[in-house]
$ cat input_29.tsv   # TSV, C-alpha atoms and all ligand atoms
chain	number	residue	atom	x	y	z
A	1	MET	CA	86.94	-33.42	16.91
A	2	PRO	CA	86.48	-34.43	20.55
A	3	VAL	CA	86.13	-38.15	21.20
A	4	GLY	CA	83.29	-39.70	23.17
A	5	ASN	CA	79.66	-38.87	22.56
A	6	ALA	CA	80.49	-36.53	19.67
A	7	MET	CA	81.62	-39.59	17.70
A	8	ARG	CA	78.39	-41.49	18.35
A	9	PHE	CA	76.10	-41.25	15.34
A	10	GLU	CA	73.75	-43.03	12.98
A	11	PHE	CA	73.80	-42.62	9.21
A	12	THR	CA	71.38	-44.05	6.66
A	13	THR	CA	71.24	-43.59	2.92
A	14	THR	CA	70.12	-45.13	-0.33
A	15	GLY	CA	71.57	-48.62	-0.67
A	16	ARG	CA	72.81	-48.24	-4.23
A	17	ILE	CA	73.91	-45.01	-5.90
A	18	VAL	CA	74.88	-45.01	-9.58
A	19	PHE	CA	76.43	-41.66	-10.53
A	20	GLY	CA	77.92	-40.33	-13.75
A	21	PRO	CA	77.35	-38.90	-17.23
A	22	GLY	CA	75.52	-41.42	-19.42
A	23	THR	CA	74.46	-43.72	-16.55
A	24	LEU	CA	70.82	-43.54	-17.73
A	25	GLN	CA	71.89	-46.20	-20.25
A	26	GLN	CA	72.15	-48.66	-17.32
A	27	VAL	CA	68.57	-48.13	-16.17
A	28	GLY	CA	67.06	-51.25	-17.79
A	29	PRO	CA	68.86	-53.89	-15.70
A	30	LEU	CA	68.64	-51.68	-12.59
A	31	ALA	CA	64.87	-51.40	-12.97
A	32	ARG	CA	64.53	-55.11	-13.66
A	33	SER	CA	66.13	-55.82	-10.28
A	34	LEU	CA	63.18	-54.02	-8.61
A	35	GLY	CA	60.07	-55.34	-10.35
A	36	ARG	CA	58.10	-56.11	-13.50
A	37	HIS	CA	55.62	-53.25	-13.82
A	38	ALA	CA	56.84	-49.71	-13.15
A	39	PHE	CA	54.71	-46.72	-12.20
A	40	VAL	CA	56.78	-43.99	-13.87
A	41	VAL	CA	56.33	-40.53	-12.35
A	42	ALA	CA	57.73	-37.86	-14.69
A	43	GLY	CA	57.74	-34.08	-14.66
A	44	ARG	CA	55.71	-31.50	-16.52
A	45	ASN	CA	57.13	-32.54	-19.90
A	46	PRO	CA	56.73	-36.35	-20.05
A	47	ASP	CA	58.37	-36.51	-23.49
A	48	ARG	CA	61.67	-36.13	-21.65
A	49	ALA	CA	61.14	-39.58	-20.15
A	50	GLU	CA	61.09	-41.21	-23.61
A	51	PRO	CA	64.72	-42.51	-23.40
A	52	LEU	CA	63.85	-44.07	-20.03
A	53	LEU	CA	60.67	-45.70	-21.39
A	54	GLN	CA	62.56	-47.14	-24.37
A	55	ARG	CA	65.06	-48.81	-22.07
A	56	LEU	CA	62.32	-50.24	-19.87
A	57	ALA	CA	60.57	-51.65	-22.95
A	58	ALA	CA	63.84	-53.23	-24.09
A	59	GLU	CA	63.95	-55.09	-20.76
A	60	SER	CA	60.26	-56.15	-21.11
A	61	ILE	CA	59.30	-54.02	-18.09
A	62	ALA	CA	55.73	-52.72	-18.30
A	63	ALA	CA	55.34	-48.99	-17.61
A	64	THR	CA	52.34	-46.94	-16.51
A	65	CYS	CA	53.14	-43.23	-16.84
A	66	PHE	CA	52.02	-40.34	-14.64
A	67	ALA	CA	52.96	-36.67	-15.16
A	68	VAL	CA	53.18	-34.24	-12.22
A	69	SER	CA	52.57	-30.55	-12.79
A	70	GLY	CA	54.06	-28.80	-9.79
A	71	GLU	CA	54.83	-29.62	-6.18
A	72	PRO	CA	52.77	-32.63	-5.02
A	73	THR	CA	49.50	-32.19	-3.12
A	74	THR	CA	47.82	-34.72	-0.88
A	75	ASP	CA	44.98	-35.14	-3.40
A	76	ALA	CA	47.43	-35.73	-6.26
A	77	ILE	CA	49.18	-38.47	-4.27
A	78	THR	CA	45.91	-40.20	-3.43
A	79	GLY	CA	44.90	-40.12	-7.11
A	80	ALA	CA	48.29	-41.32	-8.34
A	81	THR	CA	48.32	-44.21	-5.87
A	82	ALA	CA	44.88	-45.38	-7.02
A	83	HIS	CA	46.12	-45.21	-10.60
A	84	ALA	CA	49.25	-47.28	-9.79
A	85	ARG	CA	47.26	-49.85	-7.84
A	86	ALA	CA	44.64	-50.27	-10.58
A	87	ALA	CA	47.39	-50.80	-13.16
A	88	GLY	CA	49.04	-53.52	-11.05
A	89	CYS	CA	52.38	-51.71	-10.61
A	90	ASP	CA	54.88	-53.42	-8.28
A	91	PHE	CA	57.54	-50.67	-8.15
A	92	VAL	CA	57.89	-46.95	-8.81
A	93	ILE	CA	60.33	-44.86	-10.83
A	94	GLY	CA	60.65	-41.12	-10.20
A	95	PHE	CA	62.16	-39.23	-13.16
A	96	GLY	CA	62.29	-35.45	-12.74
A	97	GLY	CA	62.86	-32.73	-10.15
A	98	GLY	CA	61.99	-32.85	-6.47
A	99	SER	CA	58.25	-32.86	-7.21
A	100	ALA	CA	58.44	-36.00	-9.36
A	101	LEU	CA	60.76	-37.78	-6.92
A	102	ASP	CA	58.66	-36.93	-3.86
A	103	THR	CA	55.52	-38.05	-5.69
A	104	ALA	CA	57.21	-41.34	-6.60
A	105	LYS	CA	58.35	-41.93	-3.00
A	106	ALA	CA	54.90	-41.15	-1.57
A	107	VAL	CA	53.15	-43.44	-4.07
A	108	ALA	CA	55.66	-46.21	-3.27
A	109	ALA	CA	54.82	-45.83	0.43
A	110	LEU	CA	51.05	-45.94	-0.04
A	111	LEU	CA	51.06	-48.68	-2.68
A	112	THR	CA	51.87	-51.37	-0.11
A	113	ASN	CA	49.96	-49.91	2.84
A	114	PRO	CA	46.32	-50.03	3.93
A	115	GLY	CA	44.31	-46.97	4.87
A	116	GLU	CA	44.69	-43.47	3.53
A	117	LEU	CA	47.43	-40.86	3.23
A	118	LEU	CA	46.26	-38.88	6.28
A	119	ASP	CA	46.83	-41.94	8.48
A	120	TYR	CA	50.56	-41.54	7.89
A	121	LEU	CA	51.15	-37.83	7.16
A	122	GLU	CA	53.00	-35.78	9.81
A	123	VAL	CA	51.61	-32.61	11.41
A	124	ILE	CA	48.27	-32.42	9.57
A	125	GLY	CA	47.60	-36.19	9.60
A	126	ARG	CA	47.72	-38.95	12.20
A	127	ALA	CA	51.49	-39.53	11.72
A	128	GLN	CA	51.27	-43.32	12.15
A	129	PRO	CA	54.35	-45.31	11.08
A	130	LEU	CA	53.91	-47.26	7.83
A	131	ALA	CA	52.43	-50.70	8.55
A	132	ARG	CA	54.50	-52.29	5.76
A	133	PRO	CA	57.71	-51.27	3.96
A	134	ALA	CA	57.23	-49.02	0.93
A	135	ALA	CA	57.35	-50.57	-2.54
A	136	PRO	CA	60.79	-50.36	-4.21
A	137	CYS	CA	61.57	-46.98	-5.77
A	138	LEU	CA	64.19	-46.01	-8.35
A	139	ALA	CA	64.93	-42.27	-8.24
A	140	ILE	CA	66.39	-40.47	-11.25
A	141	PRO	CA	66.81	-36.70	-10.64
A	142	THR	CA	66.76	-34.35	-13.63
A	143	THR	CA	67.51	-31.22	-11.57
A	144	ALA	CA	70.43	-30.66	-9.19
A	145	GLY	CA	69.02	-29.28	-5.99
A	146	THR	CA	66.72	-31.27	-3.77
A	147	GLY	CA	68.72	-34.42	-3.12
A	148	ALA	CA	65.36	-36.18	-2.89
A	149	GLU	CA	66.93	-39.29	-4.45
A	150	VAL	CA	68.58	-40.00	-1.07
A	151	THR	CA	66.05	-38.73	1.49
A	152	ARG	CA	63.41	-40.78	3.29
A	153	ASN	CA	60.54	-38.31	3.22
A	154	ALA	CA	58.20	-36.78	0.67
A	155	VAL	CA	57.05	-33.18	1.22
A	156	LEU	CA	53.38	-32.83	0.32
A	157	ALA	CA	51.23	-29.71	0.18
A	158	SER	CA	47.73	-29.69	1.61
A	159	PRO	CA	45.89	-26.73	0.04
A	160	ALA	CA	43.07	-27.22	2.58
A	161	HIS	CA	45.53	-26.62	5.44
A	162	ARG	CA	47.62	-24.04	3.51
A	163	SER	CA	50.73	-25.89	4.63
A	164	LYS	CA	53.17	-28.63	3.77
A	165	ALA	CA	53.90	-31.80	5.70
A	166	SER	CA	56.07	-34.87	5.26
A	167	LEU	CA	55.34	-38.51	4.76
A	168	ARG	CA	58.41	-40.15	6.29
A	169	ASP	CA	59.73	-43.67	6.77
A	170	PHE	CA	63.11	-45.38	6.51
A	171	SER	CA	61.66	-47.68	3.84
A	172	MET	CA	60.89	-44.61	1.71
A	173	LEU	CA	64.59	-44.22	0.92
A	174	PRO	CA	64.74	-45.06	-2.79
A	175	ARG	CA	66.19	-48.53	-3.34
A	176	ILE	CA	68.41	-47.15	-6.12
A	177	ALA	CA	69.43	-43.56	-6.97
A	178	LEU	CA	70.61	-43.09	-10.56
A	179	VAL	CA	72.22	-39.66	-10.96
A	180	ASP	CA	73.12	-38.82	-14.56
A	181	PRO	CA	74.28	-35.18	-14.78
A	182	GLN	CA	73.62	-35.16	-18.54
A	183	LEU	CA	69.89	-35.08	-17.70
A	184	THR	CA	70.40	-31.55	-16.31
A	185	LEU	CA	72.16	-30.03	-19.34
A	186	ASP	CA	69.02	-28.33	-20.67
A	187	LEU	CA	67.77	-26.85	-17.39
A	188	PRO	CA	67.11	-23.12	-17.89
A	189	PRO	CA	69.28	-20.63	-15.94
A	190	ALA	CA	66.61	-19.54	-13.46
A	191	LEU	CA	65.82	-23.13	-12.47
A	192	THR	CA	69.53	-23.97	-12.31
A	193	ALA	CA	70.08	-20.99	-9.98
A	194	ALA	CA	67.17	-21.74	-7.63
A	195	THR	CA	67.82	-25.48	-7.37
A	196	GLY	CA	71.57	-24.93	-7.02
A	197	LEU	CA	71.06	-22.46	-4.17
A	198	ASP	CA	68.73	-24.99	-2.52
A	199	ALA	CA	71.57	-27.52	-2.66
A	200	LEU	CA	73.92	-24.89	-1.19
A	201	THR	CA	71.42	-24.26	1.63
A	202	GLN	CA	71.19	-28.01	2.22
A	203	LEU	CA	74.96	-28.16	2.67
A	204	ILE	CA	75.20	-25.11	4.96
A	205	GLU	CA	72.22	-25.88	7.24
A	206	PRO	CA	73.22	-29.49	8.09
A	207	TYR	CA	76.84	-28.35	8.64
A	208	VAL	CA	75.84	-25.82	11.31
A	209	SER	CA	72.91	-27.96	12.56
A	210	CYS	CA	72.78	-28.93	16.23
A	211	ARG	CA	72.43	-32.52	14.93
A	212	ALA	CA	75.54	-32.50	12.69
A	213	ASN	CA	77.80	-35.56	12.91
A	214	PRO	CA	81.22	-36.45	11.47
A	215	MET	CA	79.71	-38.23	8.45
A	216	THR	CA	77.47	-35.31	7.49
A	217	ASP	CA	80.35	-32.88	8.16
A	218	ALA	CA	82.48	-34.82	5.67
A	219	LEU	CA	79.74	-34.68	3.04
A	220	CYS	CA	79.11	-30.94	3.52
A	221	THR	CA	82.75	-29.84	3.53
A	222	GLY	CA	83.49	-32.11	0.58
A	223	ALA	CA	80.64	-30.80	-1.54
A	224	LEU	CA	80.67	-27.05	-0.77
A	225	PRO	CA	83.65	-26.32	-3.07
A	226	HIS	CA	81.81	-28.04	-5.95
A	227	VAL	CA	78.90	-25.59	-5.60
A	228	ALA	CA	81.26	-22.66	-5.18
A	229	ARG	CA	83.15	-23.27	-8.40
A	230	SER	CA	80.26	-24.40	-10.60
A	231	LEU	CA	76.90	-22.83	-9.75
A	232	GLN	CA	77.41	-19.52	-11.54
A	233	ARG	CA	79.16	-21.31	-14.41
A	234	ALA	CA	76.24	-23.75	-14.90
A	235	CYS	CA	73.81	-20.82	-14.96
A	236	GLU	CA	75.83	-19.03	-17.64
A	237	HIS	CA	76.99	-22.09	-19.61
A	238	GLY	CA	74.21	-24.63	-19.23
A	239	ARG	CA	75.86	-27.31	-21.32
A	240	ASP	CA	79.13	-27.32	-19.35
A	241	GLU	CA	79.22	-31.01	-18.36
A	242	ALA	CA	81.83	-30.59	-15.63
A	243	ALA	CA	79.81	-27.85	-13.94
A	244	ARG	CA	76.62	-29.91	-14.20
A	245	ALA	CA	78.37	-32.93	-12.67
A	246	ASP	CA	79.61	-30.73	-9.79
A	247	LEU	CA	76.06	-29.59	-9.03
A	248	ALA	CA	74.56	-33.09	-9.32
A	249	PHE	CA	77.20	-34.36	-6.88
A	250	ALA	CA	76.61	-31.46	-4.48
A	251	SER	CA	72.86	-32.08	-4.56
A	252	LEU	CA	73.38	-35.80	-3.84
A	253	CYS	CA	75.62	-34.98	-0.86
A	254	SER	CA	73.15	-32.35	0.38
A	255	GLY	CA	70.32	-34.90	0.44
A	256	GLN	CA	72.42	-37.33	2.47
A	257	ALA	CA	73.46	-34.54	4.85
A	258	LEU	CA	69.95	-33.21	5.49
A	259	ALA	CA	68.46	-36.69	5.88
A	260	ASN	CA	70.91	-37.42	8.71
A	261	ALA	CA	71.67	-34.02	10.31
A	262	GLY	CA	68.46	-32.05	9.75
A	263	LEU	CA	68.23	-28.51	8.41
A	264	GLY	CA	67.63	-25.06	9.89
A	265	ILE	CA	65.62	-21.90	9.77
A	266	VAL	CA	65.72	-21.42	5.97
A	267	HIS	CA	63.85	-24.69	5.50
A	268	GLY	CA	61.76	-23.83	8.54
A	269	PHE	CA	60.49	-20.80	6.60
A	270	ALA	CA	60.23	-22.76	3.34
A	271	ALA	CA	57.56	-25.11	4.76
A	272	PRO	CA	54.86	-22.49	5.50
A	273	LEU	CA	55.83	-20.19	2.61
A	274	GLY	CA	55.63	-23.08	0.13
A	275	GLY	CA	52.23	-24.06	1.51
A	276	MET	CA	50.78	-20.53	1.51
A	277	PHE	CA	52.20	-19.06	-1.72
A	278	PRO	CA	52.87	-20.34	-5.25
A	279	ALA	CA	56.63	-20.07	-4.81
A	280	PRO	CA	59.04	-22.87	-5.84
A	281	HIS	CA	60.97	-24.39	-2.92
A	282	GLY	CA	64.39	-23.61	-4.38
A	283	ALA	CA	63.56	-19.94	-4.96
A	284	ILE	CA	62.33	-19.53	-1.37
A	285	CYS	CA	65.50	-21.04	0.09
A	286	ALA	CA	67.73	-19.04	-2.25
A	287	ILE	CA	66.40	-15.60	-1.28
A	288	LEU	CA	66.36	-16.37	2.46
A	289	LEU	CA	69.79	-18.00	2.76
A	290	PRO	CA	72.11	-14.97	3.19
A	291	HIS	CA	69.74	-13.28	5.67
A	292	ALA	CA	69.43	-16.47	7.73
A	293	MET	CA	73.21	-16.96	7.77
A	294	ALA	CA	73.75	-13.40	8.98
A	295	ALA	CA	71.10	-13.74	11.71
A	296	ASN	CA	72.41	-17.08	12.98
A	297	LEU	CA	75.94	-15.71	13.04
A	298	ALA	CA	74.98	-12.57	14.96
A	299	ALA	CA	72.92	-14.59	17.45
A	300	ALA	CA	75.68	-17.17	17.93
A	301	ARG	CA	78.29	-14.46	18.61
A	302	ILE	CA	76.12	-13.11	21.44
A	303	ARG	CA	74.50	-16.22	22.86
A	304	GLN	CA	77.00	-19.00	22.05
A	305	PRO	CA	80.37	-17.25	22.41
A	306	ALA	CA	82.05	-20.50	23.47
A	307	GLY	CA	80.20	-22.71	20.98
A	308	ASN	CA	81.50	-23.81	17.61
A	309	THR	CA	78.79	-22.30	15.38
A	310	VAL	CA	80.91	-19.27	14.49
A	311	ARG	CA	83.91	-21.50	13.74
A	312	ARG	CA	81.71	-23.56	11.43
A	313	TYR	CA	80.62	-20.43	9.56
A	314	ASP	CA	84.33	-19.51	9.29
A	315	GLU	CA	84.98	-22.90	7.66
A	316	ILE	CA	82.05	-22.44	5.26
A	317	ALA	CA	83.56	-19.07	4.25
A	318	ARG	CA	86.94	-20.65	3.53
A	319	LEU	CA	85.35	-23.42	1.45
A	320	LEU	CA	83.17	-21.02	-0.57
A	321	THR	CA	85.73	-18.28	-1.20
A	322	GLY	CA	88.79	-20.54	-1.48
A	323	ARG	CA	90.66	-18.03	0.74
A	324	PRO	CA	92.39	-19.70	3.72
A	325	HIS	CA	91.93	-16.66	5.98
A	326	ALA	CA	88.30	-15.90	5.11
A	327	THR	CA	85.98	-15.37	8.08
A	328	ALA	CA	82.29	-16.05	8.61
A	329	ASP	CA	81.28	-12.57	7.44
A	330	ASP	CA	83.14	-13.13	4.15
A	331	GLY	CA	81.02	-16.25	3.63
A	332	VAL	CA	77.77	-14.35	4.18
A	333	ALA	CA	78.97	-11.65	1.75
A	334	TRP	CA	79.90	-14.32	-0.83
A	335	VAL	CA	76.42	-15.88	-0.67
A	336	ARG	CA	74.74	-12.45	-0.75
A	337	ALA	CA	76.70	-11.52	-3.89
A	338	LEU	CA	75.88	-14.83	-5.58
A	339	VAL	CA	72.14	-14.44	-4.88
A	340	ALA	CA	72.32	-10.93	-6.41
A	341	THR	CA	74.32	-12.08	-9.44
A	342	LEU	CA	71.85	-14.87	-10.16
A	343	SER	CA	68.89	-12.44	-10.01
A	344	ILE	CA	66.91	-14.46	-7.47
A	345	PRO	CA	63.38	-12.97	-7.19
A	346	ARG	CA	62.29	-11.48	-3.86
A	347	LEU	CA	59.43	-13.10	-1.92
A	348	SER	CA	57.07	-10.23	-2.77
A	349	THR	CA	57.20	-11.55	-6.36
A	350	TYR	CA	55.06	-14.44	-5.13
A	351	GLY	CA	52.61	-12.24	-3.23
A	352	VAL	CA	54.18	-12.34	0.25
A	353	THR	CA	53.53	-9.02	2.05
A	354	THR	CA	54.43	-7.50	5.41
A	355	ALA	CA	50.93	-8.41	6.59
A	356	ASP	CA	51.84	-12.11	6.19
A	357	VAL	CA	55.02	-11.88	8.27
A	358	PRO	CA	53.60	-12.62	11.77
A	359	LEU	CA	51.78	-15.81	10.69
A	360	VAL	CA	54.71	-17.11	8.61
A	361	VAL	CA	57.10	-16.42	11.50
A	362	GLU	CA	54.82	-18.26	13.92
A	363	LYS	CA	54.58	-21.30	11.61
A	364	ALA	CA	58.34	-21.26	10.85
A	365	ALA	CA	59.17	-21.28	14.57
A	366	ALA	CA	57.18	-24.52	14.91
A	367	ALA	CA	58.38	-26.20	11.68
A	368	SER	CA	60.29	-29.46	12.01
A	369	SER	CA	63.32	-28.16	10.05
A	370	THR	CA	63.75	-25.32	12.56
A	371	LYS	CA	64.71	-27.84	15.25
A	372	GLY	CA	68.07	-28.30	13.49
A	373	ASN	CA	68.96	-24.59	13.63
A	374	PRO	CA	72.22	-24.09	15.59
A	375	LEU	CA	70.35	-22.07	18.21
A	376	PRO	CA	66.77	-20.89	18.82
A	377	LEU	CA	66.04	-17.50	17.25
A	378	THR	CA	63.72	-14.89	18.78
A	379	THR	CA	60.51	-13.71	17.11
A	380	ALA	CA	62.26	-10.41	16.38
A	381	GLU	CA	65.18	-12.20	14.69
A	382	LEU	CA	62.83	-14.38	12.62
A	383	THR	CA	60.82	-11.31	11.62
A	384	ALA	CA	64.00	-9.55	10.49
A	385	ILE	CA	65.10	-12.50	8.32
A	386	LEU	CA	61.75	-12.76	6.55
A	387	SER	CA	61.33	-8.99	6.15
A	388	ALA	CA	64.75	-8.71	4.52
A	389	ALA	CA	63.69	-11.18	1.83
A	390	LEU	CA	60.31	-9.60	0.95
B	401	ZN	ZN	65.64	-27.60	0.20

$ encode --input "input_29.tsv" --output "structure tokens" --more "lines below"
Ligand SMILES: [Zn+2]
Amino acid sequence: MPVGNAMRFEFTTTGRIVFGPGTLQQVGPLARSLGRHAFVVAGRNPDRAEPLLQRLAAESIAATCFAVSGEPTTDAITGATAHARAAGCDFVIGFGGGSALDTAKAVAALLTNPGELLDYLEVIGRAQPLARPAAPCLAIPTTAGTGAEVTRNAVLASPAHRSKASLRDFSMLPRIALVDPQLTLDLPPALTAATGLDALTQLIEPYVSCRANPMTDALCTGALPHVARSLQRACEHGRDEAARADLAFASLCSGQALANAGLGIVHGFAAPLGGMFPAPHGAICAILLPHAMAANLAAARIRQPAGNTVRRYDEIARLLTGRPHATADDGVAWVRALVATLSIPRLSTYGVTTADVPLVVEKAAAASSTKGNPLPLTTAELTAILSAAL
């Protein structure tokens, strides 16, 4: 690592992280440190939040519950915020996958702020900074993939614009992240595969990002072996606690890495695809990842022969395969084989056709995540990546 400017960086994350099997039992006192009346955002099956609600009741914390049914839309956030405000909630708990956590973070932001969501939303809104800090948020992930418990944005879909955009502010970092891997033991294999490959993408893209720094490098290189040894195992043996803990840890590290180093072209594609088609974020990232790695590698070999992108892909290959002499191409092959083994559906499953390619490519080139890609890709290269995943 050269000294000088390369060692100049900024790093921000959730102030308190409580990680480990069984840590949900500690949620009562943790929640009490944040407020008296919780707006509890849970996933599709709110019964799963019952152990959480019991512990809140035992601490005399009032709870108003809200169930999300899919990735959050701008209208859903506006409705949920009105609900939380009318109930008199003073803090928010997100309990679920990325959709529940992003909903919780967005409601926490709007709860304390005047005006409407579009005043603050990036790209399709007026992108004003929050006037006041967000309300406190406690994030409890029940999937291992998004890392949303340690990121400072919420990704919201606007069906009217057929796109997704972020609400983003430093104060939207959850005040506390409680990561209990036991909450993921019952995740079905397909969801485990898609969310796990999202976490893998969120460790690879920040590591090769043009905004990578020594802190995010340490997180990515530390967590990649955990995904490598445990993703397939967790898909095949869902109740393997060690494998589930590995994935929960990798997801946590991936959220910290992406929040501080940015992402790349896979997430650049995921923004328009997720806004235009009913495809889950994790599944989109999973099917695109090997094609994006191969394209970045080929482009870097030609256009950045003296840069360190290829060396970084070599390191990823060594960490994923466990072989000290593995090269970048071995890493791409390893990811390609894993995506095949886990039976990740192709994008055409969700209705994406060749006719959609030019518009998706145009939107991906302009997406905020794309700015982190190790080098700019041409329209032809972007078209090839997307076409390979149809
Ligand atoms: Zn992602």

$ residues_near_ligand --input "input_29.tsv" --ligand "ligand ZN 401 (chain B)" --cutoff "9 Å" --atoms "only C-alpha atoms and all ligand atoms" --output "list in words"
Gly145, Thr146, Gly147, Thr195, Leu197, Asp198, Ala199, Leu200, Thr201, Gln202, Ser254, Gly255, Leu258, Leu263, Val266, His267, Ala270, His281, Gly282, Ile284 and Cys285 of chain A

$ residues_around --input "input_29.tsv" --residues "A:Cys210" --least-positions-apart "6" --cutoff "12 Å" --atoms "only C-alpha atoms" --output "short mmCIF file (atom, residue, chain, number, x, y, z; two decimals) with C-alpha atoms, in the coordinates of the input"
data_model
loop_
_atom_site.label_atom_id
_atom_site.label_comp_id
_atom_site.auth_asym_id
_atom_site.auth_seq_id
_atom_site.Cartn_x
_atom_site.Cartn_y
_atom_site.Cartn_z
CA ALA A 6 80.49 -36.53 19.67
CA THR A 216 77.47 -35.31 7.49
CA ASP A 217 80.35 -32.88 8.16
CA LEU A 258 69.95 -33.21 5.49
CA ASN A 260 70.91 -37.42 8.71
CA ALA A 261 71.67 -34.02 10.31
CA GLY A 262 68.46 -32.05 9.75
CA LEU A 263 68.23 -28.51 8.41
CA GLY A 264 67.63 -25.06 9.89
CA ILE A 265 65.62 -21.90 9.77
CA GLY A 307 80.20 -22.71 20.98
CA ASN A 308 81.50 -23.81 17.61
CA THR A 309 78.79 -22.30 15.38
CA ARG A 312 81.71 -23.56 11.43
CA SER A 369 63.32 -28.16 10.05
CA THR A 370 63.75 -25.32 12.56
CA LYS A 371 64.71 -27.84 15.25
CA GLY A 372 68.07 -28.30 13.49
CA ASN A 373 68.96 -24.59 13.63
CA PRO A 374 72.22 -24.09 15.59
CA LEU A 375 70.35 -22.07 18.21
CA PRO A 376 66.77 -20.89 18.82
#

$ atom_distance --input "input_29.tsv" --atom1 "atom CA of A:Met7" --atom2 "atom CA of A:Ser209"
15.4 Å

$ closest_residue --input "input_29.tsv" --among "A:Leu138, A:Ala157, A:Ala82, A:Val41" --to "A:Pro114" --atoms "all atoms listed in the file"
A:Ala82

$ atom_distance --input "input_29.tsv" --atom1 "atom CA of A:Arg303" --atom2 "atom CA of A:Ala328"
16.2 Å

$ closest_residue --input "input_29.tsv" --among "A:Pro46, A:Pro189, A:Gly15, A:Gly274" --to "A:Ala139" --atoms "all atoms listed in the file"
A:Gly15

$ residues_around --input "input_29.tsv" --residues "stretch 336-353 of chain A" --least-positions-apart "3" --cutoff "8 Å" --atoms "only C-alpha atoms" --output "PyMOL selection string"
chain A and resi 190+193-194+232+235+277-279+283-284+286-287+290+332-333+356-357+389-390

$ closest_atom_pairs --input "input_29.tsv" --of "stretch 107-195 of chain A" --to "stretch 89-94 of chain A" --cutoff "9 Å" --atoms "all atoms listed in the file" --output "Markdown table"
| residue | atom | partner | partner_atom | distance |
| --- | --- | --- | --- | --- |
| A:Val107 | CA | A:Val92 | CA | 7.6 |
| A:Ala108 | CA | A:Val92 | CA | 6.0 |
| A:Leu111 | CA | A:Asp90 | CA | 8.3 |
| A:Thr112 | CA | A:Asp90 | CA | 8.9 |
| A:Ala135 | CA | A:Phe91 | CA | 5.6 |
| A:Pro136 | CA | A:Phe91 | CA | 5.1 |
| A:Cys137 | CA | A:Val92 | CA | 4.8 |
| A:Leu138 | CA | A:Ile93 | CA | 4.7 |
| A:Ala139 | CA | A:Gly94 | CA | 4.8 |
| A:Ile140 | CA | A:Gly94 | CA | 5.9 |
| A:Pro141 | CA | A:Gly94 | CA | 7.6 |
| A:Glu149 | CA | A:Gly94 | CA | 8.7 |

$ closest_residue --input "input_29.tsv" --among "A:Leu183, A:Ile385, A:Asp314, A:Ala248" --to "A:Ala294" --atoms "all atoms listed in the file"
A:Ile385

$ residues_around --input "input_29.tsv" --residues "A:Thr321" --least-positions-apart "2" --cutoff "9 Å" --atoms "all atoms listed in the file" --output "ChimeraX atom specification"
/A:225,228,316-319,323-324,326,330-331,334

$ closest_residue --input "input_29.tsv" --among "A:Ala245, A:Leu382, A:Leu130, A:Met215" --to "A:Ala144" --atoms "all atoms listed in the file"
A:Ala245

$ axis_aligned_box --input "input_29.tsv" --around "stretch 99-112 of chain A" --padding-each-side "3 Å" --output "JSON"
{"center_x": 55.9, "center_y": -42.1, "center_z": -4.5, "size_x": 15.7, "size_y": 24.5, "size_z": 15.8}

$ atom_distance --input "input_29.tsv" --atom1 "atom CA of A:Leu52" --atom2 "atom CA of A:Phe95"
8.6 Å

$ closest_residue --input "input_29.tsv" --among "A:Val310, A:Ala67, A:Ala58, A:Val150" --to "A:Met293" --atoms "all atoms listed in the file"
A:Val310

$ closest_atom_pairs --input "input_29.tsv" --of "stretch 292-388 of chain A" --to "stretch 163-166 of chain A" --cutoff "10 Å" --atoms "all atoms listed in the file" --output "Markdown table"
| residue | atom | partner | partner_atom | distance |
| --- | --- | --- | --- | --- |
| A:Lys363 | CA | A:Ser163 | CA | 9.2 |
| A:Ala367 | CA | A:Ala165 | CA | 9.3 |
| A:Ser368 | CA | A:Ala165 | CA | 9.3 |

$ closest_residue --input "input_29.tsv" --among "A:Asn113, A:Thr192, A:Thr74, A:Thr221" --to "A:Ser158" --atoms "only C-alpha atoms"
A:Thr74

$ build_atoms --input "input_29.tsv" --residues "stretch 206-213 of chain A" --atoms "N, CA and C atoms" --output "PDB file, in the coordinates of the input"
ATOM      1  N   PRO A 206      72.797 -28.310   7.326  1.00  0.00           N
ATOM      2  CA  PRO A 206      73.220 -29.490   8.090  1.00  0.00           C
ATOM      3  C   PRO A 206      74.606 -29.316   8.732  1.00  0.00           C
ATOM      4  N   TYR A 207      75.488 -28.519   8.084  1.00  0.00           N
ATOM      5  CA  TYR A 207      76.840 -28.350   8.640  1.00  0.00           C
ATOM      6  C   TYR A 207      76.828 -27.564   9.945  1.00  0.00           C
ATOM      7  N   VAL A 208      75.921 -26.582  10.055  1.00  0.00           N
ATOM      8  CA  VAL A 208      75.840 -25.820  11.310  1.00  0.00           C
ATOM      9  C   VAL A 208      74.728 -26.358  12.222  1.00  0.00           C
ATOM     10  N   SER A 209      74.029 -27.411  11.780  1.00  0.00           N
ATOM     11  CA  SER A 209      72.910 -27.960  12.560  1.00  0.00           C
ATOM     12  C   SER A 209      73.365 -28.459  13.925  1.00  0.00           C
ATOM     13  N   CYS A 210      72.472 -28.368  14.902  1.00  0.00           N
ATOM     14  CA  CYS A 210      72.780 -28.930  16.230  1.00  0.00           C
ATOM     15  C   CYS A 210      72.798 -30.451  16.190  1.00  0.00           C
ATOM     16  N   ARG A 211      72.401 -31.048  15.067  1.00  0.00           N
ATOM     17  CA  ARG A 211      72.430 -32.520  14.930  1.00  0.00           C
ATOM     18  C   ARG A 211      73.535 -32.987  13.985  1.00  0.00           C
ATOM     19  N   ALA A 212      74.472 -32.118  13.622  1.00  0.00           N
ATOM     20  CA  ALA A 212      75.540 -32.500  12.690  1.00  0.00           C
ATOM     21  C   ALA A 212      76.370 -33.642  13.289  1.00  0.00           C
ATOM     22  N   ASN A 213      76.900 -34.500  12.430  1.00  0.00           N
ATOM     23  CA  ASN A 213      77.800 -35.560  12.910  1.00  0.00           C
ATOM     24  C   ASN A 213      78.987 -35.665  11.957  1.00  0.00           C
TER      25      ASN A 213
END
